[in-house]
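A.B. asks: Structure file structure29.txt (compact mmCIF, C-alpha atoms) is given on the next line.
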```txt
# COMPACT_ATOMS: atom_id res chain seq x y z
CA MET N 1 22.96 -11.14 27.77
CA SER N 2 22.38 -10.93 24.02
CA GLU N 3 25.17 -11.06 21.51
CA ALA N 4 25.96 -7.56 20.33
CA LEU N 5 25.75 -6.71 16.64
CA GLU N 6 28.69 -4.85 15.12
CA ASP N 7 26.47 -2.84 12.79
CA PRO N 8 23.24 -1.94 14.56
CA THR N 9 21.32 -1.99 11.28
CA ASP N 10 22.72 -5.38 10.32
CA GLY N 11 19.94 -7.84 9.59
CA VAL N 12 17.25 -5.21 9.04
CA LEU N 13 16.45 -6.09 5.46
CA VAL N 14 13.43 -3.94 4.65
CA VAL N 15 11.59 -1.10 6.34
CA ARG N 16 8.21 -0.40 4.82
CA ARG N 17 6.14 2.46 6.13
CA GLY N 18 2.46 1.64 6.34
CA PRO N 19 -0.24 0.78 6.25
CA GLY N 20 -1.82 3.01 3.56
CA ALA N 21 -5.53 2.54 3.03
CA ASN N 22 -6.19 1.95 -0.60
CA CYS N 23 -8.32 -1.00 -1.61
CA SER N 24 -7.22 -1.35 -5.22
CA SER N 25 -3.45 -1.14 -5.35
CA ILE N 26 -0.52 -1.20 -2.98
CA GLY N 27 1.27 2.05 -2.25
CA SER N 28 4.71 3.23 -1.26
CA ALA N 29 5.64 6.42 0.58
CA VAL N 30 7.15 9.06 -1.69
CA GLU N 31 9.57 10.19 1.01
CA MET N 32 11.02 6.67 0.93
CA LEU N 33 11.46 6.85 -2.85
CA PHE N 34 13.83 9.77 -2.64
CA LEU N 35 15.62 9.24 0.67
CA SER N 36 19.03 10.73 1.14
CA ALA N 37 21.66 8.25 2.27
CA THR N 38 21.90 10.00 5.63
CA LEU N 39 18.19 9.88 6.30
CA GLY N 40 17.97 6.31 5.11
CA THR N 41 20.67 5.23 7.52
CA ALA N 42 18.95 7.14 10.32
CA ILE N 43 15.65 5.37 9.64
CA LEU N 44 17.28 1.97 9.63
CA ALA N 45 19.17 2.76 12.82
CA ALA N 46 16.03 3.95 14.58
CA VAL N 47 14.11 0.82 13.62
CA ALA N 48 17.03 -1.39 14.61
CA ALA N 49 17.38 0.34 17.96
CA SER N 50 13.68 -0.10 18.69
CA LEU N 51 14.04 -3.84 18.12
CA ASP N 52 17.11 -4.47 20.20
CA PRO N 53 16.40 -6.23 23.45
CA LYS N 54 17.59 -4.08 26.30
CA ASP N 55 20.59 -5.98 27.64
CA GLU N 56 20.67 -6.42 31.36
CA PRO N 57 24.15 -5.76 32.75
CA ASP N 58 25.68 -8.74 34.54
CA GLU N 59 26.64 -6.52 37.43
CA PRO N 60 26.01 -2.88 38.14
CA ASP N 61 28.89 -0.62 37.10
CA GLU N 62 28.82 1.11 40.45
CA PRO N 63 27.44 0.17 43.83
CA ALA N 64 23.92 1.40 44.43
CA PRO N 65 23.98 4.66 46.36
CA GLU N 66 23.10 4.55 50.00
CA PRO N 67 19.60 5.77 50.70
CA PRO N 68 19.41 9.12 52.35
CA PRO N 69 19.20 8.86 56.14
CA GLU N 70 15.81 10.50 56.35
CA ALA N 71 14.36 7.66 54.28
CA LEU N 72 15.48 5.02 56.77
CA MET M 1 9.99 -9.68 22.47
CA SER M 2 10.13 -5.95 21.82
CA PRO M 3 7.02 -4.15 23.10
CA LEU M 4 6.93 -2.28 19.80
CA LEU M 5 6.45 -5.50 17.89
CA THR M 6 2.76 -6.22 17.39
CA ARG M 7 2.89 -9.21 15.06
CA ALA M 8 5.45 -11.41 13.38
CA ARG M 9 5.64 -14.14 10.82
CA ARG M 10 8.63 -16.31 10.10
CA GLU M 11 9.87 -16.46 6.51
CA PRO M 12 12.50 -18.51 4.71
CA PHE M 13 14.76 -15.41 4.82
CA GLY M 14 14.02 -14.62 8.48
CA ALA M 15 10.81 -12.85 9.38
CA TRP M 16 8.37 -10.07 8.65
CA ILE M 17 7.34 -8.14 11.72
CA ARG M 18 4.87 -5.31 12.30
CA LEU M 19 5.64 -2.46 14.64
CA GLY M 20 3.14 -0.47 16.67
CA ASP M 21 2.87 2.26 14.04
CA ASP M 22 2.11 -0.36 11.36
CA THR M 23 5.57 -0.16 9.83
CA LEU M 24 6.52 -3.54 8.38
CA VAL M 25 10.10 -4.70 8.81
CA ALA M 26 11.84 -7.68 7.23
CA LEU M 27 14.61 -9.21 9.31
CA ASP M 28 17.20 -11.87 8.70
CA HIS M 29 17.27 -15.01 10.85
CA ARG M 30 19.79 -13.62 13.30
CA ARG M 31 17.66 -10.59 14.04
CA ALA M 32 14.50 -12.66 14.21
CA ASP M 33 16.17 -15.03 16.66
CA ARG M 34 17.25 -12.11 18.83
CA LEU M 35 13.61 -11.08 19.08
CA GLY M 36 12.76 -14.53 20.36
CA LEU M 37 10.58 -15.47 17.42
CA PRO M 38 10.00 -19.22 17.33
CA PRO M 39 11.74 -20.94 14.41
CA ALA M 40 9.78 -22.41 11.52
CA THR M 41 10.50 -24.81 8.72
CA PHE M 42 9.30 -24.37 5.17
CA PRO M 43 8.71 -27.05 2.55
CA PRO M 44 10.52 -26.82 -0.79
CA GLY M 45 8.74 -24.39 -3.09
CA HIS M 46 7.08 -22.58 -0.21
CA VAL M 47 5.28 -19.42 -1.34
CA SER M 48 4.78 -16.76 1.31
CA ALA M 49 1.36 -15.28 1.93
CA PRO M 50 0.74 -11.67 0.88
CA LEU M 51 1.49 -8.88 3.31
CA GLU M 52 -1.69 -7.07 2.26
CA VAL M 53 -4.97 -8.33 0.87
CA HIS M 54 -7.78 -6.30 -0.65
CA VAL M 55 -11.24 -7.60 0.12
CA ALA M 56 -14.31 -6.57 -1.89
CA VAL M 57 -17.24 -6.26 0.52
CA THR M 58 -19.98 -5.07 -1.82
CA ALA M 59 -20.86 -4.45 -5.47
CA ARG M 60 -23.29 -1.69 -4.48
CA CYS M 61 -22.54 1.99 -4.82
CA PRO M 62 -24.79 5.07 -4.73
CA VAL M 63 -22.73 6.97 -7.26
CA ASP M 64 -21.87 6.19 -10.83
CA CYS M 65 -18.20 7.01 -11.37
CA SER M 66 -17.42 6.87 -15.05
CA GLY M 67 -14.12 5.13 -14.38
CA CYS M 68 -15.22 2.63 -11.69
CA TYR M 69 -12.86 -0.33 -11.97
CA GLN M 70 -15.44 -2.66 -10.41
CA SER M 71 -18.46 -1.48 -12.43
CA ALA M 72 -20.35 -1.11 -9.13
CA SER M 73 -24.01 -0.09 -9.29
CA THR M 74 -26.94 0.93 -7.10
CA ASP M 75 -28.40 -2.57 -7.21
CA GLY M 76 -25.17 -4.47 -6.60
CA ALA M 77 -25.15 -7.12 -3.90
CA HIS M 78 -23.33 -7.09 -0.57
CA VAL M 79 -20.97 -9.94 0.21
CA PRO M 80 -22.50 -12.06 3.00
CA LEU M 81 -21.11 -11.27 6.44
CA THR M 82 -20.42 -14.93 7.18
CA GLN M 83 -18.27 -15.18 4.06
CA LEU M 84 -16.30 -12.10 5.06
CA ARG M 85 -15.76 -13.41 8.58
CA ASN M 86 -14.39 -16.66 7.15
CA THR M 87 -12.16 -14.67 4.81
CA LEU M 88 -10.73 -12.67 7.71
CA ARG M 89 -9.99 -15.83 9.67
CA ASP M 90 -8.28 -17.36 6.64
CA LEU M 91 -6.19 -14.25 6.12
CA ARG M 92 -5.16 -14.28 9.77
CA ALA M 93 -4.22 -17.94 9.60
CA SER M 94 -2.08 -17.40 6.52
CA GLY M 95 -0.12 -14.59 8.16
CA VAL M 96 -1.48 -11.58 6.28
CA PHE M 97 -0.86 -8.27 8.07
CA THR M 98 -3.16 -5.72 6.40
CA VAL M 99 -6.68 -6.07 5.04
CA ALA M 100 -8.11 -3.29 2.87
CA PHE M 101 -11.87 -3.28 2.41
CA GLY M 102 -13.25 -1.93 -0.85
CA GLY M 103 -16.37 -2.07 -2.96
CA GLY M 104 -18.55 -0.71 -4.38
CA GLU M 105 -19.11 1.64 -1.50
CA PRO M 106 -18.22 -0.14 1.76
CA LEU M 107 -20.13 2.46 3.80
CA LEU M 108 -23.38 1.04 2.46
CA ARG M 109 -22.78 -1.91 4.77
CA ASP M 110 -24.19 -1.28 8.23
CA ASP M 111 -21.73 -3.82 9.61
CA LEU M 112 -18.58 -2.15 8.27
CA GLY M 113 -17.44 -1.11 11.74
CA GLU M 114 -18.12 -4.62 12.97
CA LEU M 115 -15.90 -6.01 10.22
CA ALA M 116 -13.11 -3.67 11.25
CA ASP M 117 -13.51 -4.72 14.89
CA GLU M 118 -13.33 -8.35 13.87
CA ALA M 119 -10.21 -7.79 11.79
CA ARG M 120 -8.58 -6.02 14.74
CA SER M 121 -9.49 -8.81 17.11
CA LEU M 122 -7.72 -11.22 14.77
CA GLY M 123 -4.56 -9.13 14.75
CA LEU M 124 -5.07 -7.76 11.24
CA THR M 125 -4.64 -4.08 10.40
CA PRO M 126 -7.93 -3.01 8.75
CA VAL M 127 -8.19 -0.07 6.36
CA VAL M 128 -10.92 0.99 3.96
CA THR M 129 -11.60 3.25 0.99
CA THR M 130 -14.84 5.24 0.66
CA SER M 131 -16.40 7.98 -1.43
CA GLY M 132 -17.81 9.46 1.78
CA TYR M 133 -21.41 9.13 0.65
CA GLY M 134 -23.58 8.13 3.60
CA LEU M 135 -21.03 9.05 6.24
CA THR M 136 -22.53 10.53 9.41
CA PRO M 137 -20.82 11.28 12.72
CA ALA M 138 -22.32 8.09 14.16
CA ARG M 139 -21.02 6.01 11.26
CA ALA M 140 -17.63 7.65 11.54
CA LEU M 141 -17.48 6.80 15.23
CA ALA M 142 -18.11 3.16 14.37
CA LEU M 143 -15.09 3.18 12.06
CA ARG M 144 -12.52 3.87 14.76
CA SER M 145 -11.09 0.37 14.55
CA PHE M 146 -9.75 1.18 11.11
CA ALA M 147 -6.09 2.12 11.08
CA GLN M 148 -6.94 4.56 8.33
CA VAL M 149 -9.90 5.48 6.16
CA ASN M 150 -9.13 6.82 2.70
CA VAL M 151 -11.68 9.13 1.08
CA SER M 152 -11.67 9.44 -2.70
CA HIS M 153 -10.98 13.01 -3.78
CA ASP M 154 -9.61 13.59 -7.25
CA GLY M 155 -8.45 17.08 -6.80
CA VAL M 156 -9.21 20.73 -6.85
CA LEU M 157 -9.98 22.96 -9.82
CA GLY M 158 -12.42 20.53 -11.41
CA GLY M 159 -10.16 17.52 -11.09
CA TYR M 160 -12.75 15.42 -9.25
CA GLU M 161 -15.43 15.90 -11.88
CA ALA M 162 -12.98 15.30 -14.70
CA VAL M 163 -12.15 11.87 -13.28
CA ARG M 164 -15.53 10.66 -12.02
CA GLY M 165 -18.04 12.47 -14.18
CA PHE M 166 -19.69 14.33 -11.31
CA ASP M 167 -18.59 16.76 -8.63
CA GLY M 168 -18.32 14.97 -5.30
CA VAL M 169 -15.82 17.33 -3.72
CA ALA M 170 -18.23 18.66 -1.08
CA VAL M 171 -19.19 15.15 0.01
CA ALA M 172 -15.55 14.04 0.17
CA GLU M 173 -14.45 17.05 2.18
CA ARG M 174 -17.38 16.75 4.58
CA ALA M 175 -16.44 13.09 5.09
CA ILE M 176 -12.82 13.98 5.81
CA ALA M 177 -13.92 16.53 8.41
CA THR M 178 -16.41 14.13 9.98
CA LEU M 179 -13.88 11.33 10.26
CA ARG M 180 -11.29 13.62 11.78
CA ALA M 181 -13.80 14.94 14.29
CA GLN M 182 -14.40 11.37 15.46
CA GLY M 183 -10.71 10.65 15.80
CA VAL M 184 -10.37 8.47 12.72
CA ALA M 185 -7.09 8.70 10.78
CA VAL M 186 -7.90 9.93 7.29
CA GLY M 187 -6.12 9.67 3.98
CA VAL M 188 -7.17 10.66 0.49
CA ASN M 189 -7.20 8.56 -2.68
CA HIS M 190 -6.42 10.60 -5.74
CA VAL M 191 -6.65 9.11 -9.22
CA LEU M 192 -4.26 10.81 -11.62
CA THR M 193 -5.41 11.49 -15.14
CA ARG M 194 -4.34 13.72 -17.98
CA GLN M 195 -7.01 16.17 -16.87
CA ASN M 196 -6.01 16.63 -13.22
CA VAL M 197 -2.31 15.82 -12.88
CA ASP M 198 -1.19 19.37 -13.54
CA GLY M 199 -3.08 20.43 -10.41
CA LEU M 200 -1.21 17.95 -8.21
CA ARG M 201 0.72 20.49 -6.16
CA ALA M 202 -2.45 22.45 -5.43
CA THR M 203 -4.20 19.22 -4.48
CA VAL M 204 -1.38 18.23 -2.13
CA ASP M 205 -1.62 21.58 -0.34
CA HIS M 206 -5.40 21.41 -0.21
CA VAL M 207 -5.58 17.86 1.10
CA ARG M 208 -3.01 18.68 3.73
CA SER M 209 -5.02 21.70 4.82
CA LEU M 210 -8.08 19.48 5.25
CA GLY M 211 -6.21 17.47 7.86
CA ALA M 212 -5.65 14.28 5.90
CA ARG M 213 -2.45 12.56 6.92
CA GLU M 214 -1.81 10.95 3.57
CA LEU M 215 -2.44 11.44 -0.13
CA GLN M 216 -2.45 8.21 -2.10
CA LEU M 217 -1.80 8.76 -5.80
CA LEU M 218 -3.31 6.18 -8.10
CA ARG M 219 -2.71 5.48 -11.74
CA TYR M 220 -5.89 5.47 -13.81
CA LYS M 221 -6.42 1.85 -14.80
CA PRO M 222 -8.45 0.45 -17.68
CA ALA M 223 -10.69 -1.94 -15.75
CA GLY M 224 -14.44 -2.12 -15.22
CA ARG M 225 -16.13 0.94 -16.72
CA ALA M 226 -12.71 2.44 -17.37
CA ALA M 227 -11.82 -0.34 -19.78
CA SER M 228 -12.90 1.62 -22.83
CA LEU M 229 -11.46 3.70 -25.62
CA ASP M 230 -11.83 6.67 -23.31
CA TYR M 231 -8.86 5.30 -21.39
CA LEU M 232 -6.55 6.60 -24.10
CA ALA M 233 -7.84 10.12 -23.54
CA ARG M 234 -7.46 9.90 -19.75
CA ARG M 235 -4.12 8.20 -19.21
CA LEU M 236 -1.11 10.37 -18.47
CA THR M 237 0.95 11.55 -21.40
CA PRO M 238 4.66 10.65 -21.55
CA ALA M 239 5.51 14.28 -20.79
CA GLN M 240 3.23 14.24 -17.75
CA CYS M 241 4.85 11.02 -16.51
CA GLU M 242 8.28 12.58 -16.77
CA ALA M 243 7.12 15.70 -14.96
CA LEU M 244 5.40 13.62 -12.26
CA GLY M 245 8.67 12.01 -11.22
CA GLU M 246 10.28 15.37 -10.75
CA THR M 247 7.24 16.77 -8.95
CA LEU M 248 7.35 13.89 -6.49
CA ARG M 249 11.07 14.35 -5.96
CA SER M 250 10.56 18.03 -5.20
CA LEU M 251 7.69 17.25 -2.81
CA SER M 252 9.67 14.65 -0.92
CA PRO M 253 11.59 16.98 1.44
CA THR M 254 8.31 18.55 2.60
CA LEU M 255 6.81 15.20 3.62
CA GLY M 256 7.08 13.08 6.72
CA GLU M 257 5.91 15.54 9.39
CA GLY M 258 2.46 14.10 9.88
CA PHE M 259 1.74 14.07 6.17
CA SER M 260 2.80 11.61 3.52
CA VAL M 261 2.25 11.08 -0.19
CA ARG M 262 2.18 7.56 -1.56
CA VAL M 263 2.40 6.29 -5.12
CA ASP M 264 0.63 3.10 -6.07
CA CYS M 265 2.32 0.04 -7.52
CA ALA M 266 1.26 0.95 -11.05
CA LEU M 267 2.89 4.39 -10.94
CA VAL M 268 6.36 3.02 -10.18
CA PRO M 269 7.31 2.37 -13.83
CA LEU M 270 5.93 5.73 -14.94
CA VAL M 271 8.20 7.65 -12.56
CA SER M 272 11.09 5.21 -12.83
CA GLY M 273 13.34 7.78 -14.50
CA ALA M 274 13.45 9.74 -11.25
CA LEU M 275 14.04 6.78 -8.93
CA PRO M 276 17.25 5.63 -7.27
CA ASP M 277 18.71 2.13 -7.52
CA ALA M 278 16.65 -1.00 -6.93
CA ALA M 279 18.55 -2.03 -3.80
CA THR M 280 17.69 1.24 -2.04
CA LEU M 281 14.07 1.06 -3.14
CA GLU M 282 13.82 -2.53 -1.94
CA ARG M 283 15.32 -1.74 1.44
CA PHE M 284 12.74 0.98 2.03
CA GLY M 285 9.79 -1.13 1.02
CA VAL M 286 8.90 0.40 -2.32
CA PHE M 287 6.57 -1.95 -4.16
CA GLY M 288 5.84 -2.15 -7.86
CA CYS M 289 3.43 -4.77 -9.21
CA GLU M 290 3.15 -7.13 -6.26
CA ALA M 291 0.04 -8.88 -7.58
CA GLY M 292 0.31 -12.50 -6.52
CA GLY M 293 3.31 -11.60 -4.36
CA HIS M 294 3.09 -9.24 -1.40
CA LEU M 295 -0.40 -8.27 -2.59
CA GLY M 296 -3.51 -10.38 -2.98
CA SER M 297 -7.22 -9.89 -3.32
CA VAL M 298 -10.40 -11.65 -2.35
CA ARG M 299 -13.19 -11.17 -4.85
CA ARG M 300 -16.86 -10.82 -4.06
CA ASP M 301 -17.38 -14.54 -4.66
CA GLY M 302 -14.68 -15.32 -2.10
CA SER M 303 -12.08 -16.48 -4.61
CA ALA M 304 -8.49 -15.27 -4.47
CA GLY M 305 -6.85 -13.03 -7.04
CA GLY M 306 -3.47 -11.45 -7.57
CA CYS M 307 -4.86 -7.94 -7.10
CA SER M 308 -8.21 -6.15 -7.22
CA PHE M 309 -8.03 -5.97 -11.00
CA ASP M 310 -7.32 -9.66 -11.52
CA ASP M 311 -10.46 -11.16 -13.02
CA ALA M 312 -8.95 -14.38 -14.34
CA PRO M 313 -10.79 -17.53 -13.27
CA GLY M 314 -9.46 -19.50 -10.33
CA ASP M 315 -5.76 -19.15 -9.67
CA GLU M 316 -4.87 -18.47 -13.31
CA GLY M 317 -4.23 -14.79 -12.68
CA ILE M 318 -2.02 -15.40 -9.66
CA ALA M 319 -0.01 -17.98 -11.61
CA ALA M 320 0.33 -15.62 -14.57
CA PHE M 321 1.55 -12.73 -12.40
CA ARG M 322 4.14 -14.95 -10.72
CA SER M 323 5.42 -16.51 -13.95
CA PHE M 324 5.82 -13.11 -15.57
CA VAL M 325 7.80 -11.74 -12.64
CA ALA M 326 10.01 -14.84 -12.54
CA ALA M 327 11.07 -14.50 -16.18
CA PRO M 328 9.98 -11.26 -17.85
CA PRO M 329 10.89 -10.51 -21.45
CA GLU M 330 13.03 -7.56 -22.51
CA PRO M 331 13.31 -4.77 -21.68
CA CYS M 332 12.20 -5.77 -18.17
CA ALA M 333 14.61 -8.73 -18.10
CA SER M 334 17.64 -6.45 -18.09
CA CYS M 335 16.06 -3.42 -16.40
CA PRO M 336 17.96 -2.37 -13.26
CA LEU M 337 14.64 -1.70 -11.51
CA ARG M 338 13.16 -5.08 -12.39
CA ARG M 339 13.15 -6.45 -8.85
CA VAL M 340 11.09 -3.50 -7.63
CA CYS M 341 8.93 -2.58 -10.62
CA ARG M 342 8.19 -6.21 -11.57
CA GLY M 343 7.17 -5.31 -15.10
CA GLY M 344 4.63 -2.60 -14.37
CA CYS M 345 0.87 -2.82 -14.49
CA LYS M 346 -0.53 -5.86 -16.28
CA VAL M 347 -4.02 -4.34 -16.20
CA VAL M 348 -2.72 -1.78 -18.65
CA SER M 349 -0.76 -4.19 -20.83
CA ARG M 350 -3.73 -6.53 -21.11
CA HIS M 351 -6.13 -3.72 -21.99
CA LEU M 352 -3.83 -2.44 -24.70
CA GLY M 353 -3.73 -5.88 -26.27
CA HIS M 354 -0.31 -6.98 -25.13
CA GLY M 355 -1.40 -9.65 -22.63
CA PHE M 356 0.99 -10.11 -19.74
CA SER M 357 3.85 -8.05 -21.05
CA PRO M 358 6.14 -5.16 -20.05
CA ASP M 359 4.06 -2.11 -19.19
CA PRO M 360 3.55 -0.39 -22.56
CA GLU M 361 3.38 3.04 -20.89
CA CYS M 362 6.71 2.69 -19.04
CA PRO M 363 9.18 5.20 -20.54
CA ARG M 364 11.86 2.50 -20.63
CA VAL M 365 9.59 0.16 -22.56
CA ILE M 366 8.59 2.91 -24.99
CA ALA M 367 12.26 3.74 -25.59
CA PHE M 368 13.11 0.07 -26.07
CA HIS M 369 10.45 -0.39 -28.74
CA ALA M 370 11.46 2.86 -30.45
CA GLU M 371 15.07 1.67 -30.63
CA SER M 372 14.00 -1.76 -31.87
CA ALA M 373 11.95 -0.14 -34.62
CA CYS M 374 14.96 1.87 -35.75
CA ARG M 375 17.19 -1.19 -36.03
```
Write out the structure in this file as structure tokens.

C.D. replies:
Amino acid sequence: MSEALEDPTDGVLVVRRGPGANCSSIGSAVEMLFLSATLGTAILAAVAASLDPKDEPDEPDEPAPEPPPEAL
Amino acid sequence: MSPLLTRARREPFGAWIRLGDDTLVALDHRRADRLGLPPATFPPGHVSAPLEVHVAVTARCPVDCSGCYQSASTDGAHVPLTQLRNTLRDLRASGVFTVAFGGGEPLLRDDLGELADEARSLGLTPVVTTSGYGLTPARALALRSFAQVNVSHDGVLGGYEAVRGFDGVAVAERAIATLRAQGVAVGVNHVLTRQNVDGLRATVDHVRSLGARELQLLRYKPAGRAASLDYLARRLTPAQCEALGETLRSLSPTLGEGFSVRVDCALVPLVSGALPDAATLERFGVFGCEAGGHLGSVRRDGSAGGCSFDDAPGDEGIAAFRSFVAAPPEPCASCPLRRVCRGGCKVVSRHLGHGFSPDPECPRVIAFHAESACR
């Protein structure tokens, strides 16, 4: 089981939207230039969540339900 | 490893990774370790490879744009395919993520789709810029390996002709439609000049209505045929620069739902008065002059440059870009946006006779010199 991070966005240093397709200079998305703090945090959190390995529980919280009789 | 992660490269700070939608993410070591990325060691003085490299594939072009930064012509030569294949392999080996093909007119190469396929097979993200001349449905179909194709379109209401010296709007718009019909992601390159910047909002609406997913705004740069006195009559005025920042800020809330606007590295200083703090810009991947840093170029002769405009022999340009960024003079030295802006566009400062120096069109630099003159 992976060690949990206290702040889910911790360790995500840069998020750069891409790729753009210009051959002469490198571009940056305007919506990232003027992000509100709330939206910025949401973007970081979404990226962080997509990277987190899905932790397997050591044991199921509840016993698996019995299969219905007709399936036996 | 996360299924969304398509490529990764270890760095002294941790790692750069690429997600499935081509977003690049920098992680610290702890995060990189959690993803299971193998550790790496770096020698003292290690310099990371660029994230993105621009590769010139031809000097040939069927049109004669008055401001062509490469001075391409109808009798220009193509870069040999073998050389380009070797370049792609070298870029892959060095850890580059994105390769942007440019010219001349890349569409004049019959093997352009093949180059994109090869880049994909190596794990690179290929993109390309075109005028749209010569694009047919069959050619468009062959370009589906490109993550995005940008078509040059300098705006409505005469903006295109004002920038390029001829009216190519119909060709550009036909190319956008053809690419879309073949399932190719399309963006638009839009060079901003004094003559067309006031039509920017109309251009944004128009480009969006054509189905492009992105509008890339480019500063007009004095290179190639544009390196002339005419540059002074085409560059944005200080008032237009100030208004551009506010226009972009007002556009921002309308973006992100399948349509984006991007500013190029050279525009960052011009709109700096409207930007937030450097730390926020850095965290969301806003890049100023990254020549010789996150950006590199491969010229038609196969040599490496800091950016597409770097024509210094050998590695001189790359070294000059890096030394300037490491220790810029005032006012860049004490500018709060220094880490992002990195001194602005050196193509401009060199053309205006200042060598590698703070961007002479940056409002902060203009104000600094005005204050110095008063003292």

A.B. asks: Which value, in Å to one decimal, gives the distance between CA of Arg164 (chain M) and CA of Gly224 (chain M)?

C.D. replies: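 We find that CA of Arg164 (chain M) and CA of Gly224 (chain M) lie 13.2 Å from each other.
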
A.B. asks: Give me the residues within 7 Å of region 169-177 of chain M as an mmCIF file with C-alpha atoms, in the frame of the given file, counting all atoms listed in the file and dropping any in the same chain fewer than 3 places off.

C.D. replies:
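Ended up saving to result06.cif:
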```cif
data_model
loop_
_atom_site.group_PDB
_atom_site.id
_atom_site.type_symbol
_atom_site.label_atom_id
_atom_site.label_comp_id
_atom_site.auth_asym_id
_atom_site.auth_seq_id
_atom_site.Cartn_x
_atom_site.Cartn_y
_atom_site.Cartn_z
ATOM 1 C CA SER M 131 -16.400 7.980 -1.430
ATOM 2 C CA GLY M 132 -17.810 9.460 1.780
ATOM 3 C CA TYR M 133 -21.410 9.130 0.650
ATOM 4 C CA LEU M 135 -21.030 9.050 6.240
ATOM 5 C CA VAL M 151 -11.680 9.130 1.080
ATOM 6 C CA SER M 152 -11.670 9.440 -2.700
ATOM 7 C CA HIS M 153 -10.980 13.010 -3.780
ATOM 8 C CA TYR M 160 -12.750 15.420 -9.250
ATOM 9 C CA ARG M 180 -11.290 13.620 11.780
ATOM 10 C CA ALA M 181 -13.800 14.940 14.290
ATOM 11 C CA VAL M 186 -7.900 9.930 7.290
#
```

A.B. asks: Using all atoms listed in the file, find each residue of chain M with at least one atom at most 6 Å away from an atom of chain N; report its shortest atom-to-atom pair and that distance in Å (one decimal), sort the rows by chain and rising residue number, and return the result as CSV.

C.D. replies:
```
residue,atom,partner,partner_atom,distance
M:Ser2,CA,N:Leu51,CA,5.8
M:Asp22,CA,N:Gly18,CA,5.4
M:Thr23,CA,N:Arg17,CA,4.6
M:Leu24,CA,N:Arg16,CA,5.0
M:Val25,CA,N:Val15,CA,4.6
M:Ala26,CA,N:Val14,CA,4.8
M:Leu27,CA,N:Val12,CA,4.8
M:Asp28,CA,N:Gly11,CA,5.0
M:Arg31,CA,N:Gly11,CA,5.7
M:His54,CA,N:Cys23,CA,5.4
M:Ala100,CA,N:Cys23,CA,5.0
M:Phe101,CA,N:Cys23,CA,5.8
M:Gly102,CA,N:Cys23,CA,5.1
M:Val127,CA,N:Ala21,CA,5.0
M:Val128,CA,N:Ala21,CA,5.7
M:Thr129,CA,N:Asn22,CA,5.8
M:Gln148,CA,N:Ala21,CA,5.8
M:Asn150,CA,N:Ala21,CA,5.6
M:Ser252,CA,N:Glu31,CA,4.9
M:Val261,CA,N:Val30,CA,5.5
M:Arg262,CA,N:Ala29,CA,4.2
M:Val263,CA,N:Gly27,CA,5.2
M:Asp264,CA,N:Gly27,CA,4.0
M:Cys265,CA,N:Ile26,CA,5.5
M:Arg283,CA,N:Val14,CA,4.3
M:Phe284,CA,N:Val15,CA,4.9
M:Gly285,CA,N:Arg16,CA,4.2
M:Val286,CA,N:Ser28,CA,5.2
M:Ser308,CA,N:Ser24,CA,5.3
```

A.B. asks: Using Å and a single decimal, report how far CA of Pro313 (chain M) sits from CA of Thr58 (chain M).

C.D. replies: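 Here the two named atoms are 19.3 Å from each other.
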
A.B. asks: Taking all atoms listed in the file into account, which of M:Pro336, M:Ala278, M:Arg92, M:Gly103 comes nearest Arg299 (chain M)?

C.D. replies: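 For Arg299 (chain M), the nearest of the candidates is M:Gly103.
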